[in-house]
Amino acid sequence: MDADFIAQILFSAIKTGTPLLFIALGEVICEKSGVLNLGQEGMMLMGAVVGFLAAYSTGNMAFGVLAAMAMGCVMSLIFGVLVLHLGANQVATGLALTIFGTGLSAFVGSDFVGKTIQGFNPIPIPYLSSIPYLGKILFEHDLLVYLSFIMTVLIMYVTNKTRLGLTLKAVGENPNAANAIGIKVLRVRYLAIMFGGAMTGIAGAYMSLVYTPMWAENMTAGRGWIALALVVFASWRVGRIMLGAYLFGLASIMHLVLQGFGWTISTNLLAMLPYVATVFVMVIISADKFKEKLLAPRSLGKPFDPRHMA
Amino acid sequence: MKLKSLLLGVGLMLGVTMAQAEEPFKVGFVYVGPVGDLGWSYEHDQGRKEMEKYFKGKVKTTYVENVAEGADAERVITQLVKAGNKVIFTTSFGFMNATVKAAKRFPNVVFEHATGYKRAKNLGTYVLRTYEGRYISGVAAGLLTKTNTIGYIGAFPIPEVIRDIDATYMGAKSVNPNIKLKIVWANTWYDPGKETDAANALMDQGADVLIQHTDSPAPLIAAQKRGARAIGQASDQSKFAPQAHIFSVRDHWAPYYIKTVQQVMDGTWKSQDFWGGFHDNMLQLASINPNLPKNVRAKIEETLAAIKSGKLKPFTGPIKDNTGKIVVPAGHSLTDQELARVNWYVQGITDKIPH
């Protein structure tokens with residue numbers, strides 16, 4: 001195992017982790033506003049199929065990504081209306097959204113199975129990509145990976161350093177107090193949910209335009225669920241989400257890499273690692289005294305009805 | 001009066017046409033995946049369509065896709081029986097127990113279960129000699145590799161997959177004595193993302209020809225991106241990787257479906273364990289890439305002809321496993337029963353079979 005090979009593995013880990021990163025970044029904003037959206041898998045599939053359809057029909061990859069974002073928004077809006085206005089249970093509605101998206105994407109995409117597109121090509125960044133090792137790992141990717149870098153920094157900045165971030169936090173921690181000082185709680189939650197939908201749409205487009213440039217039924221294979229676990233694993237902190245996404249990415253390719261070296265330990269064990277880590281973190285969270293430190297938004301999953309406030 | 005007679009005439013005509021159009025013979029299919037998977041279930045569905053066309057309206061088929069293996073399958077099979085289907089094909093290994101139970105409950109219906117090993121008076125099994133296609137794949141890969149390393153993506157270590165790995169290695173070895181086979185288990189039949197990861201992991205470690213025993217075209221796309229080569233699985237996957245594609249080994253179920261339905265209609269059907277390969281036109285080499293060197297193409301066609309005629313049987317002794325034990329004595333070719341139980345790697349494969 002030489003340094004070039006390790007660089008190659010880390011490069012792959014970033015590629016594998018990118019869809020998880022997009023979803024988790026969107027979901028963390030959503031959860032910080034106090035809404036738990038378990039519909040990621042369904043939104044991702046809809047993003048993947050619509051992104052593929054749009055890119056295939058127009059030949060324009062960027063348009064495919066935009067279409068996927070829009071589709072993600074629409075899906076999350078359905079969710080938003082149900083849980084925010086109609087007061088539906090968030091967990092049940094999220095699950096329903098996943099089932100709905102899985103079925104609908106299969107239906108919409110049935111005529112596009114087996115079609116192929118060129119997909120995004122990698123664009124090495126001048127100068128940066130010639131840094132030894134690091135250049136290969138970080139700067140020889142495609143546009144969407146770079147976009148995920150930018151989004152991470154942007155979200156980190158907004159949530160930690162701006163008034164907008166504070167508003168979001170207030171709504172998620174104590175919606176009654178936020179409402180009392182004049183913040184439109186439902187509006188903030190709608191926007192947060194739609195942002196999450198758009199990010200998940202990009203993650204879907206990443207699968208169908210970059211990772212495996214094709215459409216196939218159920219092609220996301222549970223990545224939406226892994227991303228949900230990732231948010232908890234990272235205890236709602238943006239920096240940790242990025243790190244966690246690449247760790248999860250690494251864990252999911254490591255068992256394939258090690259097999260090539262003739263390792264005989266069960267590969268299922270390695271594939272299991274991210275989940276074990278997540279369960280571990282969840283156990284810690286459920287022990288009360290740690291909860292504050294771990295930053296779980298306190299009103300997560302609880303509905304808010306401004307009419308009861310007056 | 002006129003109107004009445006007119007109506008009577010119409011009625012008579014209707015009656016006549018209805019009597020002429022006999023009730024069609026009903027046949028049901030149960031698929032484990034979506035018909036759009038472009039692999040396993042897709043080809044079963046192509047076989048169904050070809051069979052229905054062959055019988056020109058005398059046979060009416062129904063299919064149910066995406067059926068989970070287990071209790072759900074039993075319910076679906078029962079429904080198909082209640083709907084009047086006289087023959088039911090269950091097309092995944094995991095439907096075995098559900099099919100066995102249904103066969104007991106409905107003795108007047110004929111059941112056919114793909115890739116299984118449990119049979120009854122009204123329950124037959126059928127399977128493809130995919131190892132024949134693998135042997136040819138091995139020959140092609142062995143000639144085309146520049147790094148002498150073939151990458152193999154397996155789904156699960158069951159006899160069918162192990163057998164195919166052995167055949168691939170023997171094919172490759174027959175044309176390239178320095179060949180190495182790297183095997184990666186994806187632990188899934190279908191996950192384009194994971195299959196891409198597996199393909200990349202193999203290419204990172206020097207493999208430049210990929211062979212897969214998983215169902216999505218993702219490994220071909222990955223090979224195409226990196227200038228490697230790959231072989232299509234189950235259906236013609238050439239369009240996914242125009243340069244990288246060597247050929248696809250296509251499953252072709254129609255001959256068996258036509259034969260079986262004909263036999264049941266004639267009353268000559270008997271339960272058996274059927275193995276179909278190139279000789280029966282149930283496997284086909286699809287879209288051999290025109291960009292292959294002439295000598296490779298010639299060797300592929302020569303090997304195919306030898307297998308078709310029965311001159312070449314990949315599992316003919318002497319064969320040693322990779323612990324040095326003789327598993328097929330000289331002069332013996334494995335019988336179908338023995339093929340079904342292959343659980344060893346042939347000598348030269350350095351890996352161990354995972355448990």
# chains A, B, ... in the order shown; residues from 1 in each chain; ligands from 1
>>> residues_around(residues="His279 of chain B", least_positions_apart="4", cutoff="10 Å", atoms="only C-alpha atoms", output="ChimeraX atom specification")
/B:129,283-284,304-305,307-310
>>> interface_residues(of="chain A", to="chain B", cutoff="9 Å", atoms="only C-alpha atoms", output="PyMOL selection string")
chain A and resi 5+8-9+12+16+106+110-111+113-117+207+211-214+216-221+252-268
>>> write_last_selection(atoms="C-alpha atoms", output="PDB file, in the first residue's frame")
ATOM      1  CA  PHE A   5      -2.805   4.190  -3.512  1.00  0.00           C
ATOM      2  CA  GLN A   8      -6.654   7.091  -4.531  1.00  0.00           C
ATOM      3  CA  ILE A   9      -8.705   5.567  -1.707  1.00  0.00           C
ATOM      4  CA  SER A  12     -12.864   7.624  -3.750  1.00  0.00           C
ATOM      5  CA  THR A  16     -18.715   8.178  -2.126  1.00  0.00           C
ATOM      6  CA  ALA A 106     -40.006   4.134 -10.647  1.00  0.00           C
ATOM      7  CA  SER A 110     -39.759   3.554 -16.505  1.00  0.00           C
ATOM      8  CA  ASP A 111     -39.243   4.822 -20.071  1.00  0.00           C
ATOM      9  CA  VAL A 113     -34.291   2.823 -17.964  1.00  0.00           C
ATOM     10  CA  GLY A 114     -31.337   1.805 -20.108  1.00  0.00           C
ATOM     11  CA  LYS A 115     -30.728   5.239 -21.599  1.00  0.00           C
ATOM     12  CA  THR A 116     -27.230   6.606 -21.167  1.00  0.00           C
ATOM     13  CA  ILE A 117     -25.719  10.046 -20.843  1.00  0.00           C
ATOM     14  CA  MET A 207     -26.151   9.682  -8.194  1.00  0.00           C
ATOM     15  CA  TYR A 211     -21.676   8.559  -9.771  1.00  0.00           C
ATOM     16  CA  THR A 212     -23.463   6.139 -12.078  1.00  0.00           C
ATOM     17  CA  PRO A 213     -24.689   8.149 -15.071  1.00  0.00           C
ATOM     18  CA  MET A 214     -27.900   6.203 -15.650  1.00  0.00           C
ATOM     19  CA  ALA A 216     -32.360   2.563 -12.510  1.00  0.00           C
ATOM     20  CA  GLU A 217     -35.203   1.907 -10.150  1.00  0.00           C
ATOM     21  CA  ASN A 218     -34.234   2.349  -6.508  1.00  0.00           C
ATOM     22  CA  MET A 219     -30.671   3.217  -7.494  1.00  0.00           C
ATOM     23  CA  THR A 220     -29.933   5.198  -4.331  1.00  0.00           C
ATOM     24  CA  ALA A 221     -30.119   1.963  -2.335  1.00  0.00           C
ATOM     25  CA  SER A 252     -18.404   1.748   2.696  1.00  0.00           C
ATOM     26  CA  ILE A 253     -15.540   1.314   0.201  1.00  0.00           C
ATOM     27  CA  MET A 254     -12.948   0.018   2.671  1.00  0.00           C
ATOM     28  CA  HIS A 255     -14.435  -3.449   2.809  1.00  0.00           C
ATOM     29  CA  LEU A 256     -14.192  -3.665  -0.970  1.00  0.00           C
ATOM     30  CA  VAL A 257     -10.601  -2.426  -1.005  1.00  0.00           C
ATOM     31  CA  LEU A 258      -9.449  -4.787   1.743  1.00  0.00           C
ATOM     32  CA  GLN A 259     -10.888  -7.784  -0.059  1.00  0.00           C
ATOM     33  CA  GLY A 260      -8.530  -7.090  -2.940  1.00  0.00           C
ATOM     34  CA  PHE A 261      -5.663  -7.511  -0.479  1.00  0.00           C
ATOM     35  CA  GLY A 262      -6.946 -10.910   0.503  1.00  0.00           C
ATOM     36  CA  TRP A 263      -8.326 -10.022   3.923  1.00  0.00           C
ATOM     37  CA  THR A 264     -10.488 -12.830   5.189  1.00  0.00           C
ATOM     38  CA  ILE A 265     -12.363 -11.065   7.988  1.00  0.00           C
ATOM     39  CA  SER A 266     -16.043 -10.732   7.314  1.00  0.00           C
ATOM     40  CA  THR A 267     -16.667  -7.780   5.068  1.00  0.00           C
ATOM     41  CA  ASN A 268     -20.129  -7.420   6.529  1.00  0.00           C
TER      42      ASN A 268
END
>>> select_by_dssp(residues="segment 66-110 of chain B", states="strand (DSSP E or B)", output="list in words")
Val87, Ile88, Phe89, Thr90 and Val110 of chain B
>>> closest_atom_pairs(of="segment 154-265 of chain A", to="segment 59-69 of chain A", cutoff="12 Å", atoms="only C-alpha atoms", output="tab-separated table")
residue	atom	partner	partner_atom	distance
A:Met194	CA	A:Met69	CA	9.5
A:Phe195	CA	A:Met69	CA	9.1
A:Gly196	CA	A:Met69	CA	9.7
A:Gly197	CA	A:Met69	CA	7.2
A:Ala198	CA	A:Met69	CA	4.3
A:Met199	CA	A:Met69	CA	6.7
A:Thr200	CA	A:Met69	CA	7.5
A:Gly201	CA	A:Met69	CA	4.5
A:Ile202	CA	A:Met69	CA	5.6
A:Ala203	CA	A:Ala68	CA	8.7
A:Gly204	CA	A:Ala68	CA	7.1
A:Ala205	CA	A:Val65	CA	5.7
A:Tyr206	CA	A:Val65	CA	8.0
A:Met207	CA	A:Val65	CA	10.8
A:Ser208	CA	A:Gly64	CA	9.7
A:Leu209	CA	A:Met61	CA	7.5
A:Val210	CA	A:Met61	CA	9.6
A:Pro213	CA	A:Met61	CA	10.8
>>> residues_around(residues="Glu74 of chain B", least_positions_apart="2", cutoff="9 Å", atoms="only C-alpha atoms", output="tab-separated table (two decimals) with N, CA and C atoms, in the first residue's frame")
chain	number	residue	atom	x	y	z
B	69	GLU	N	-39.08	-11.82	-1.39
B	69	GLU	CA	-38.91	-13.25	-1.16
B	69	GLU	C	-39.42	-13.55	0.24
B	70	GLY	N	-40.31	-14.53	0.35
B	70	GLY	CA	-40.86	-14.84	1.67
B	70	GLY	C	-42.37	-14.94	1.61
B	71	ALA	N	-43.01	-14.47	2.68
B	71	ALA	CA	-44.46	-14.63	2.81
B	71	ALA	C	-45.23	-13.94	1.69
B	72	ASP	N	-44.70	-12.80	1.24
B	72	ASP	CA	-45.35	-12.05	0.17
B	72	ASP	C	-45.48	-12.90	-1.10
B	76	VAL	N	-48.80	-13.86	-3.48
B	76	VAL	CA	-48.85	-13.56	-4.90
B	76	VAL	C	-49.12	-14.83	-5.72
B	77	ILE	N	-48.43	-15.92	-5.36
B	77	ILE	CA	-48.62	-17.18	-6.09
B	77	ILE	C	-50.07	-17.64	-5.95
B	78	THR	N	-50.60	-17.58	-4.72
B	78	THR	CA	-51.99	-18.00	-4.49
B	78	THR	C	-52.95	-17.18	-5.34
B	79	GLN	N	-52.70	-15.89	-5.40
B	79	GLN	CA	-53.55	-15.02	-6.23
B	79	GLN	C	-53.52	-15.44	-7.69
B	95	PHE	N	-37.76	-17.71	-3.85
B	95	PHE	CA	-39.17	-18.09	-3.89
B	95	PHE	C	-39.36	-19.58	-3.65
B	97	ASN	N	-39.32	-21.88	-1.09
B	97	ASN	CA	-40.24	-22.46	-0.11
B	97	ASN	C	-41.69	-22.08	-0.38
B	98	ALA	N	-41.89	-20.85	-0.83
B	98	ALA	CA	-43.25	-20.41	-1.17
B	98	ALA	C	-43.79	-21.26	-2.32
B	99	THR	N	-42.94	-21.56	-3.30
B	99	THR	CA	-43.38	-22.36	-4.44
B	99	THR	C	-43.66	-23.80	-4.02
B	101	LYS	N	-44.64	-24.86	-1.12
B	101	LYS	CA	-45.91	-24.87	-0.37
B	101	LYS	C	-47.09	-24.77	-1.32
B	102	ALA	N	-47.00	-23.85	-2.28
B	102	ALA	CA	-48.10	-23.66	-3.23
B	102	ALA	C	-48.32	-24.93	-4.05
>>> select_by_dssp(residues="segment 17-248 of chain A", states="helix (DSSP H, G or I)", output="ChimeraX atom specification")
/A:17-32,40-58,61-85,90-112,128-130,134-138,143-161,163-173,175-180,185-211,223-233,238-248
>>> closest_residue(among="A:Leu243, A:Val188, A:Phe22, A:Gly51", to="Ile150 of chain A", atoms="only C-alpha atoms")
A:Phe22
